[in-house]
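data10.cif (mmCIF, C-alpha atoms)
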data_model
#
loop_
_atom_site.group_PDB
_atom_site.id
_atom_site.type_symbol
_atom_site.label_atom_id
_atom_site.label_comp_id
_atom_site.auth_asym_id
_atom_site.auth_seq_id
_atom_site.Cartn_x
_atom_site.Cartn_y
_atom_site.Cartn_z
ATOM 1 C CA MET V 1 0.000 0.000 0.000
ATOM 2 C CA ASN V 2 2.932 2.324 0.604
ATOM 3 C CA ASN V 3 3.714 2.309 -3.109
ATOM 4 C CA LEU V 4 0.310 3.808 -3.897
ATOM 5 C CA ILE V 5 0.793 6.735 -1.513
ATOM 6 C CA ALA V 6 3.284 9.476 -2.298
ATOM 7 C CA ASP V 7 5.664 10.862 0.325
ATOM 8 C CA ASN V 8 3.294 13.611 1.469
ATOM 9 C CA LYS V 9 0.337 11.218 2.050
ATOM 10 C CA LYS V 10 -1.496 12.309 -1.075
ATOM 11 C CA ILE V 11 -2.859 10.039 -3.785
ATOM 12 C CA HIS V 12 -0.066 8.604 -5.908
ATOM 13 C CA PRO V 13 0.028 10.106 -9.431
ATOM 14 C CA ALA V 14 -0.317 6.657 -11.021
ATOM 15 C CA LEU V 15 -3.556 6.068 -9.115
ATOM 16 C CA LYS V 16 -4.789 9.523 -10.101
ATOM 17 C CA SER V 17 -4.136 8.724 -13.763
ATOM 18 C CA ALA V 18 -5.821 5.335 -13.439
ATOM 19 C CA ILE V 19 -8.936 7.188 -12.259
ATOM 20 C CA MET V 20 -8.733 10.053 -14.759
ATOM 21 C CA PRO V 21 -6.029 9.985 -17.442
ATOM 22 C CA GLY V 22 -3.865 13.087 -17.277
ATOM 23 C CA TRP V 23 -4.607 13.863 -13.627
ATOM 24 C CA GLY V 24 -1.393 12.215 -12.389
ATOM 25 C CA GLU V 25 0.675 13.918 -15.064
ATOM 26 C CA SER V 26 -0.900 17.242 -14.089
ATOM 27 C CA SER V 27 0.025 16.710 -10.425
ATOM 28 C CA LEU V 28 3.613 16.042 -11.562
ATOM 29 C CA LEU V 29 3.599 19.358 -13.452
ATOM 30 C CA LYS V 30 3.734 17.773 -16.913
ATOM 31 C CA PRO V 31 1.077 19.817 -18.740
ATOM 32 C CA SER V 32 1.785 18.458 -22.219
ATOM 33 C CA HIS V 33 1.407 14.865 -21.027
ATOM 34 C CA SER V 34 -1.714 15.785 -19.088
ATOM 35 C CA LEU V 35 -3.270 17.583 -22.044
ATOM 36 C CA PHE V 36 -2.578 14.623 -24.350
ATOM 37 C CA PHE V 37 -4.279 12.085 -22.070
ATOM 38 C CA ASN V 38 -7.181 14.449 -21.258
ATOM 39 C CA LEU V 39 -7.893 15.160 -24.913
ATOM 40 C CA LEU V 40 -7.567 11.500 -25.822
ATOM 41 C CA GLU V 41 -10.031 10.581 -23.048
ATOM 42 C CA MET V 42 -12.574 13.179 -24.195
ATOM 43 C CA THR V 43 -12.211 12.104 -27.812
ATOM 44 C CA LEU V 44 -12.647 8.431 -26.955
ATOM 45 C CA TRP V 45 -15.740 9.050 -24.804
ATOM 46 C CA SER V 46 -17.257 11.232 -27.524
ATOM 47 C CA THR V 47 -16.552 8.528 -30.084
ATOM 48 C CA CYS V 48 -17.993 5.802 -27.866
ATOM 49 C CA LEU V 49 -21.186 7.709 -27.087
ATOM 50 C CA GLY V 50 -21.565 8.712 -30.733
ATOM 51 C CA LEU V 51 -21.212 5.123 -31.890
ATOM 52 C CA TYR V 52 -23.752 3.823 -29.377
ATOM 53 C CA ASN V 53 -26.215 6.620 -30.177
ATOM 54 C CA PHE V 54 -25.892 6.095 -33.913
ATOM 55 C CA SER V 55 -26.244 2.324 -33.433
ATOM 56 C CA ASN V 56 -29.454 2.883 -31.478
ATOM 57 C CA HIS V 57 -30.729 5.256 -34.177
ATOM 58 C CA GLN V 58 -30.009 2.609 -36.820
ATOM 59 C CA LYS V 59 -31.798 0.026 -34.654
ATOM 60 C CA LEU V 60 -34.921 2.170 -34.535
ATOM 61 C CA GLN V 61 -34.724 2.598 -38.308
ATOM 62 C CA TYR V 62 -34.465 -1.118 -39.082
ATOM 63 C CA GLN V 63 -37.262 -1.886 -36.637
ATOM 64 C CA SER V 64 -39.506 0.681 -38.333
ATOM 65 C CA TYR V 65 -38.534 -0.712 -41.728
ATOM 66 C CA ALA V 66 -39.472 -4.228 -40.608
ATOM 67 C CA SER V 67 -42.783 -2.985 -39.241
ATOM 68 C CA LYS V 68 -43.584 -1.401 -42.579
ATOM 69 C CA TYR V 69 -42.454 -4.180 -44.948
ATOM 70 C CA ALA V 70 -42.829 -7.358 -42.851
ATOM 71 C CA GLY V 71 -45.852 -6.446 -40.749
ATOM 72 C CA ILE V 72 -44.236 -7.078 -37.386
ATOM 73 C CA ASN V 73 -44.989 -5.666 -33.949
ATOM 74 C CA ARG V 74 -41.638 -4.526 -32.590
ATOM 75 C CA LYS V 75 -42.485 -4.618 -28.875
ATOM 76 C CA ASN V 76 -40.781 -7.165 -26.596
ATOM 77 C CA LYS V 77 -38.530 -8.709 -29.242
ATOM 78 C CA ASN V 78 -35.006 -9.868 -28.464
ATOM 79 C CA HIS V 79 -31.943 -9.515 -30.691
ATOM 80 C CA LYS V 80 -32.170 -13.124 -31.912
ATOM 81 C CA TYR V 81 -35.633 -12.384 -33.317
ATOM 82 C CA TRP V 82 -34.268 -9.456 -35.352
ATOM 83 C CA VAL V 83 -31.490 -11.670 -36.696
ATOM 84 C CA ASP V 84 -33.983 -14.389 -37.610
ATOM 85 C CA ILE V 85 -36.374 -12.119 -39.509
ATOM 86 C CA GLY V 86 -33.447 -10.998 -41.649
ATOM 87 C CA ASN V 87 -32.768 -14.594 -42.654
ATOM 88 C CA TYR V 88 -36.274 -15.924 -43.356
ATOM 89 C CA LEU V 89 -39.022 -14.503 -45.549
ATOM 90 C CA SER V 90 -41.750 -15.474 -43.078
ATOM 91 C CA LEU V 91 -42.474 -17.003 -39.701
ATOM 92 C CA GLU V 92 -43.730 -20.099 -41.512
ATOM 93 C CA ASN V 93 -40.392 -20.591 -43.339
ATOM 94 C CA HIS V 94 -38.457 -20.072 -40.111
ATOM 95 C CA ASN V 95 -40.502 -22.523 -38.056
ATOM 96 C CA ALA V 96 -40.528 -25.174 -40.804
ATOM 97 C CA GLU V 97 -36.735 -25.149 -41.046
ATOM 98 C CA HIS V 98 -36.252 -25.283 -37.279
ATOM 99 C CA LEU V 99 -38.699 -28.184 -37.047
ATOM 100 C CA ARG V 100 -36.607 -30.042 -39.646
ATOM 101 C CA TRP V 101 -33.519 -29.406 -37.521
ATOM 102 C CA ARG V 102 -35.462 -30.484 -34.404
ATOM 103 C CA GLN V 103 -34.746 -27.154 -32.684
ATOM 104 C CA ILE V 104 -38.078 -26.905 -30.926
ATOM 105 C CA ASP V 105 -36.895 -24.148 -28.557
ATOM 106 C CA ASP V 106 -36.239 -21.807 -31.505
ATOM 107 C CA ILE V 107 -39.790 -21.910 -32.856
ATOM 108 C CA TYR V 108 -41.791 -18.669 -32.554
ATOM 109 C CA GLY V 109 -45.477 -18.408 -31.775
ATOM 110 C CA ASN V 110 -48.043 -16.424 -33.788
ATOM 111 C CA ASP V 111 -47.403 -13.253 -31.772
ATOM 112 C CA TYR V 112 -43.980 -13.138 -33.503
ATOM 113 C CA ASP V 113 -45.426 -13.350 -37.003
ATOM 114 C CA TRP V 114 -43.746 -11.686 -39.988
ATOM 115 C CA ASN V 115 -43.975 -11.936 -43.733
ATOM 116 C CA TRP V 116 -41.655 -9.883 -45.957
ATOM 117 C CA GLU V 117 -43.174 -8.275 -49.025
ATOM 118 C CA SER V 118 -40.122 -9.331 -51.053
ATOM 119 C CA GLN V 119 -36.630 -10.793 -50.800
ATOM 120 C CA LYS V 120 -35.274 -7.328 -51.617
ATOM 121 C CA HIS V 121 -36.908 -5.820 -48.509
ATOM 122 C CA MET V 122 -35.548 -8.618 -46.327
ATOM 123 C CA LYS V 123 -31.995 -8.127 -47.658
ATOM 124 C CA LYS V 124 -32.151 -4.369 -47.126
ATOM 125 C CA PHE V 125 -33.371 -4.929 -43.567
ATOM 126 C CA GLU V 126 -30.517 -7.351 -42.905
ATOM 127 C CA LYS V 127 -27.941 -4.793 -44.101
ATOM 128 C CA MET V 128 -29.468 -2.160 -41.804
ATOM 129 C CA ARG V 129 -29.403 -4.516 -38.817
ATOM 130 C CA ILE V 130 -25.806 -5.561 -39.455
ATOM 131 C CA ARG V 131 -24.751 -1.903 -39.731
ATOM 132 C CA SER V 132 -26.372 -1.192 -36.353
ATOM 133 C CA ASP V 133 -24.690 -4.217 -34.765
ATOM 134 C CA LYS V 134 -21.294 -3.186 -36.160
ATOM 135 C CA LEU V 135 -21.658 0.314 -34.722
ATOM 136 C CA ALA V 136 -22.482 -1.152 -31.300
ATOM 137 C CA LYS V 137 -19.433 -3.428 -31.573
ATOM 138 C CA TYR V 138 -17.242 -0.439 -32.462
ATOM 139 C CA GLY V 139 -18.610 1.264 -29.328
ATOM 140 C CA GLU V 140 -17.405 -1.733 -27.309
ATOM 141 C CA TYR V 141 -13.974 -1.397 -28.919
ATOM 142 C CA ALA V 142 -13.933 2.282 -27.950
ATOM 143 C CA LEU V 143 -14.620 1.262 -24.329
ATOM 144 C CA GLY V 144 -11.645 -1.091 -24.516
ATOM 145 C CA ILE V 145 -9.435 1.699 -25.818
ATOM 146 C CA ILE V 146 -10.672 3.974 -22.995
ATOM 147 C CA THR V 147 -9.579 1.313 -20.507
ATOM 148 C CA LEU V 148 -6.228 1.055 -22.253
ATOM 149 C CA ASN V 149 -5.853 4.858 -22.064
ATOM 150 C CA HIS V 150 -6.337 4.692 -18.276
ATOM 151 C CA ILE V 151 -3.702 1.970 -17.975
ATOM 152 C CA VAL V 152 -1.155 3.734 -20.205
ATOM 153 C CA SER V 153 -1.672 7.035 -18.393
ATOM 154 C CA ALA V 154 -1.171 5.320 -15.015
ATOM 155 C CA ILE V 155 2.042 3.686 -16.254
ATOM 156 C CA ASN V 156 3.239 7.003 -17.675
ATOM 157 C CA SER V 157 2.511 8.809 -14.391
ATOM 158 C CA HIS V 158 4.300 6.124 -12.427
ATOM 159 C CA TYR V 159 7.293 6.392 -14.758
ATOM 160 C CA LEU V 160 7.367 10.192 -14.464
ATOM 161 C CA PHE V 161 7.012 9.969 -10.680
ATOM 162 C CA ARG V 162 9.886 7.496 -10.414
ATOM 163 C CA LEU V 163 11.972 9.591 -12.780
ATOM 164 C CA SER V 164 11.346 12.762 -10.772
ATOM 165 C CA SER V 165 12.075 11.013 -7.465
ATOM 166 C CA LYS V 166 15.446 9.721 -8.771
ATOM 167 C CA VAL V 167 16.613 12.990 -10.249
ATOM 168 C CA LYS V 168 16.930 15.873 -7.808
ATOM 169 C CA PHE V 169 18.114 19.396 -8.388
ATOM 170 C CA TYR V 170 19.549 21.425 -5.549
ATOM 171 C CA SER V 171 20.413 25.065 -5.769
ATOM 172 C CA PHE V 172 22.477 27.015 -3.277
ATOM 173 C CA ILE V 173 22.772 30.747 -3.162
ATOM 174 C CA ASP V 174 25.669 32.207 -1.262
ATOM 175 C CA LYS V 175 26.480 35.870 -1.066
ATOM 176 C CA LYS V 176 28.120 35.951 -4.487
ATOM 177 C CA ASN V 177 27.771 32.447 -5.891
ATOM 178 C CA ILE V 178 24.895 30.384 -7.212
ATOM 179 C CA LYS V 179 25.508 26.654 -7.166
ATOM 180 C CA VAL V 180 23.357 23.989 -8.832
ATOM 181 C CA GLN V 181 23.755 20.341 -7.935
ATOM 182 C CA LEU V 182 22.204 17.445 -9.867
ATOM 183 C CA GLN V 183 21.711 14.175 -8.015
ATOM 184 C CA TYR V 184 20.584 10.954 -9.688
ATOM 185 C CA ASP V 185 19.834 7.896 -7.523
ATOM 186 C CA PHE V 186 20.195 4.436 -9.037
#
If you took the structure in this file and wrote it as structure tokens, what would it be?
Amino acid sequence: MNNLIADNKKIHPALKSAIMPGWGESSLLKPSHSLFFNLLEMTLWSTCLGLYNFSNHQKLQYQSYASKYAGINRKNKNHKYWVDIGNYLSLENHNAEHLRWRQIDDIYGNDYDWNWESQKHMKKFEKMRIRSDKLAKYGEYALGIITLNHIVSAINSHYLFRLSSKVKFYSFIDKKNIKVQLQYDF
């Protein structure tokens, strides 16, 4: 635990940067490092939120499209249902194939009914759904990169802290002389 606490009983810069990238660098008086990690964090969060919002917007669009061209009721449907309606022209086709495969648990009841007006509409729907899913996946990747940014910033702060604790500058001012001493501990 002593390694996490700096000499003056404050939060260690590495822990600060693990919480908020750039905070530890700022406490070590490294404004360029701090600015880099702060801007990167803001950019990544903006990207992540934008991707999730756009994915949700696309989801609403493909659900509306399916309501219009397949006659579905979009309430209380899980993701697997949306995948299935993009692969089968109708509920009847879906259930018949799953009966042949003896996958009784995957059969939908009449309250899940759909019937695409054409193959073209079904294919367009499937492209819209896949686009939405990809955007959500990219949002997950952005969250991973945010986590990585926290880790890298913590490592950088720890490195800068160790570097600053090993290198010490001393200055002495006598009546007529100014002396500067550099000390580096191995």
Inset, instruction - Tell me, as a PyMOL selection string, which residues lie within 12 Å of V:Tyr141, counting all atoms listed in the file; anything in the same chain fewer than 4 positions away does not count. - result: chain V and resi 44-45+47-49+51-52+134-137+145-148
Inset, instruction - For V:Asn73, work out the shell of residues within 10 Å, counting all atoms listed in the file and skipping chain neighbours fewer than 2 positions away, then give it as a ChimeraX atom specification. - result: /V:63-64,66-68,70-71,75-77,111-114
Same residues, C-alpha atoms, saved as an mmCIF file, in the coordinates of the input:
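Once everything was written out, this is result-v4.cif:
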data_model
loop_
_atom_site.group_PDB
_atom_site.id
_atom_site.type_symbol
_atom_site.label_atom_id
_atom_site.label_comp_id
_atom_site.auth_asym_id
_atom_site.auth_seq_id
_atom_site.Cartn_x
_atom_site.Cartn_y
_atom_site.Cartn_z
ATOM 1 C CA GLN V 63 -37.262 -1.886 -36.637
ATOM 2 C CA SER V 64 -39.506 0.681 -38.333
ATOM 3 C CA ALA V 66 -39.472 -4.228 -40.608
ATOM 4 C CA SER V 67 -42.783 -2.985 -39.241
ATOM 5 C CA LYS V 68 -43.584 -1.401 -42.579
ATOM 6 C CA ALA V 70 -42.829 -7.358 -42.851
ATOM 7 C CA GLY V 71 -45.852 -6.446 -40.749
ATOM 8 C CA LYS V 75 -42.485 -4.618 -28.875
ATOM 9 C CA ASN V 76 -40.781 -7.165 -26.596
ATOM 10 C CA LYS V 77 -38.530 -8.709 -29.242
ATOM 11 C CA ASP V 111 -47.403 -13.253 -31.772
ATOM 12 C CA TYR V 112 -43.980 -13.138 -33.503
ATOM 13 C CA ASP V 113 -45.426 -13.350 -37.003
ATOM 14 C CA TRP V 114 -43.746 -11.686 -39.988
#
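Note that the spacing between atom CA of V:Asn115 and atom CA of V:Ser90 amounts to 4.2 Å.
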Legend entry - Residue nearest V:Thr43 among V:Asp133, V:Leu143, V:Pro13, V:Tyr159 (counting all atoms listed in the file): V:Leu143
Inset, instruction - Could you check how far atom CA of V:Leu160 sits from atom CA of V:Met20, in Å to one decimal? - result: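 Separation of atom CA of V:Leu160 and atom CA of V:Met20: 16.1 Å.
Shortest separation to V:His94 among V:Trp82, V:Ser32, V:His12, V:Tyr108 occurs at residue V:Tyr108, atoms counted being only C-alpha atoms.
Between atom CA of V:Lys59 and atom CA of V:Ile104 the separation is 27.9 Å.
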Inset, instruction - Between V:Leu163, V:His150, V:Gly109, V:Ile155, single out the one closest to V:Pro21, counting all atoms listed in the file. - result: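 Smallest separation from V:Pro21 among the options: V:His150.
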Legend entry - Shell around V:Glu97 at 12 Å using all atoms listed in the file, local window under 6 positions removed, as a ChimeraX atom specification: /V:84,87-91,103-104,106-108
Inset, instruction - Tell me which of V:Asn110, V:Ser153, V:Asn78, V:Gln61 sits closest to V:Ser34, counting all atoms listed in the file. - result: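 Smallest distance to V:Ser34 is found for V:Ser153.
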Inset, instruction - Find, counting all atoms listed in the file, the residue in V:Ala142, V:Asn56, V:Asn38, V:Gly86 that gets nearest to V:Met122. - result: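 Among V:Ala142, V:Asn56, V:Asn38, V:Gly86, it is V:Gly86 that comes nearest to V:Met122.
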Legend entry - Pick from V:Tyr138, V:Glu92, V:Ile11, V:Ile19, whichever lies nearest to V:Phe37 using all atoms listed in the file: V:Ile19
Inset, instruction - Please identify all polymer residues within 10 Å of V:Leu35, counting all atoms listed in the file, omitting same-chain residues fewer than 3 positions from it, and present them as a PyMOL selection string. - result: chain V and resi 21-23+25-26+30-32+38-41
Give me stretch 12-25 of chain V with N, CA, C and O atoms filled in, as a PDB file, in the frame of the given file.
ATOM      1  N   HIS V  12      -1.189   8.801  -4.974  1.00  0.00           N
ATOM      2  CA  HIS V  12      -0.066   8.604  -5.908  1.00  0.00           C
ATOM      3  C   HIS V  12      -0.494   9.019  -7.318  1.00  0.00           C
ATOM      4  O   HIS V  12      -1.627   8.756  -7.725  1.00  0.00           O
ATOM      5  N   PRO V  13       0.378   9.667  -8.074  1.00  0.00           N
ATOM      6  CA  PRO V  13       0.028  10.106  -9.431  1.00  0.00           C
ATOM      7  C   PRO V  13      -0.451   8.974 -10.351  1.00  0.00           C
ATOM      8  O   PRO V  13      -1.321   9.189 -11.187  1.00  0.00           O
ATOM      9  N   ALA V  14       0.113   7.784 -10.179  1.00  0.00           N
ATOM     10  CA  ALA V  14      -0.317   6.657 -11.021  1.00  0.00           C
ATOM     11  C   ALA V  14      -1.774   6.303 -10.736  1.00  0.00           C
ATOM     12  O   ALA V  14      -2.545   6.001 -11.656  1.00  0.00           O
ATOM     13  N   LEU V  15      -2.171   6.352  -9.477  1.00  0.00           N
ATOM     14  CA  LEU V  15      -3.556   6.068  -9.115  1.00  0.00           C
ATOM     15  C   LEU V  15      -4.479   7.173  -9.628  1.00  0.00           C
ATOM     16  O   LEU V  15      -5.585   6.893 -10.115  1.00  0.00           O
ATOM     17  N   LYS V  16      -4.012   8.413  -9.558  1.00  0.00           N
ATOM     18  CA  LYS V  16      -4.789   9.523 -10.101  1.00  0.00           C
ATOM     19  C   LYS V  16      -5.043   9.315 -11.597  1.00  0.00           C
ATOM     20  O   LYS V  16      -6.149   9.518 -12.086  1.00  0.00           O
ATOM     21  N   SER V  17      -3.993   8.924 -12.318  1.00  0.00           N
ATOM     22  CA  SER V  17      -4.136   8.724 -13.763  1.00  0.00           C
ATOM     23  C   SER V  17      -4.966   7.495 -14.096  1.00  0.00           C
ATOM     24  O   SER V  17      -5.582   7.448 -15.148  1.00  0.00           O
ATOM     25  N   ALA V  18      -4.963   6.504 -13.214  1.00  0.00           N
ATOM     26  CA  ALA V  18      -5.821   5.335 -13.439  1.00  0.00           C
ATOM     27  C   ALA V  18      -7.288   5.737 -13.308  1.00  0.00           C
ATOM     28  O   ALA V  18      -8.148   5.207 -14.015  1.00  0.00           O
ATOM     29  N   ILE V  19      -7.565   6.702 -12.434  1.00  0.00           N
ATOM     30  CA  ILE V  19      -8.936   7.188 -12.259  1.00  0.00           C
ATOM     31  C   ILE V  19      -9.331   8.111 -13.407  1.00  0.00           C
ATOM     32  O   ILE V  19     -10.374   7.945 -14.014  1.00  0.00           O
ATOM     33  N   MET V  20      -8.472   9.087 -13.688  1.00  0.00           N
ATOM     34  CA  MET V  20      -8.733  10.053 -14.759  1.00  0.00           C
ATOM     35  C   MET V  20      -7.428  10.327 -15.498  1.00  0.00           C
ATOM     36  O   MET V  20      -6.532  10.977 -14.944  1.00  0.00           O
ATOM     37  N   PRO V  21      -7.281   9.801 -16.712  1.00  0.00           N
ATOM     38  CA  PRO V  21      -6.029   9.985 -17.442  1.00  0.00           C
ATOM     39  C   PRO V  21      -5.642  11.458 -17.555  1.00  0.00           C
ATOM     40  O   PRO V  21      -6.462  12.304 -17.881  1.00  0.00           O
ATOM     41  N   GLY V  22      -4.380  11.728 -17.226  1.00  0.00           N
ATOM     42  CA  GLY V  22      -3.865  13.087 -17.277  1.00  0.00           C
ATOM     43  C   GLY V  22      -3.804  13.751 -15.914  1.00  0.00           C
ATOM     44  O   GLY V  22      -3.059  14.702 -15.712  1.00  0.00           O
ATOM     45  N   TRP V  23      -4.579  13.265 -14.957  1.00  0.00           N
ATOM     46  CA  TRP V  23      -4.607  13.863 -13.627  1.00  0.00           C
ATOM     47  C   TRP V  23      -3.261  13.671 -12.933  1.00  0.00           C
ATOM     48  O   TRP V  23      -2.727  14.608 -12.325  1.00  0.00           O
ATOM     49  N   GLY V  24      -2.699  12.479 -13.011  1.00  0.00           N
ATOM     50  CA  GLY V  24      -1.393  12.215 -12.389  1.00  0.00           C
ATOM     51  C   GLY V  24      -0.288  13.031 -13.033  1.00  0.00           C
ATOM     52  O   GLY V  24       0.581  13.591 -12.359  1.00  0.00           O
ATOM     53  N   GLU V  25      -0.330  13.129 -14.357  1.00  0.00           N
ATOM     54  CA  GLU V  25       0.675  13.918 -15.064  1.00  0.00           C
ATOM     55  C   GLU V  25       0.554  15.398 -14.671  1.00  0.00           C
ATOM     56  O   GLU V  25       1.558  16.086 -14.503  1.00  0.00           O
TER      57      GLU V  25
END
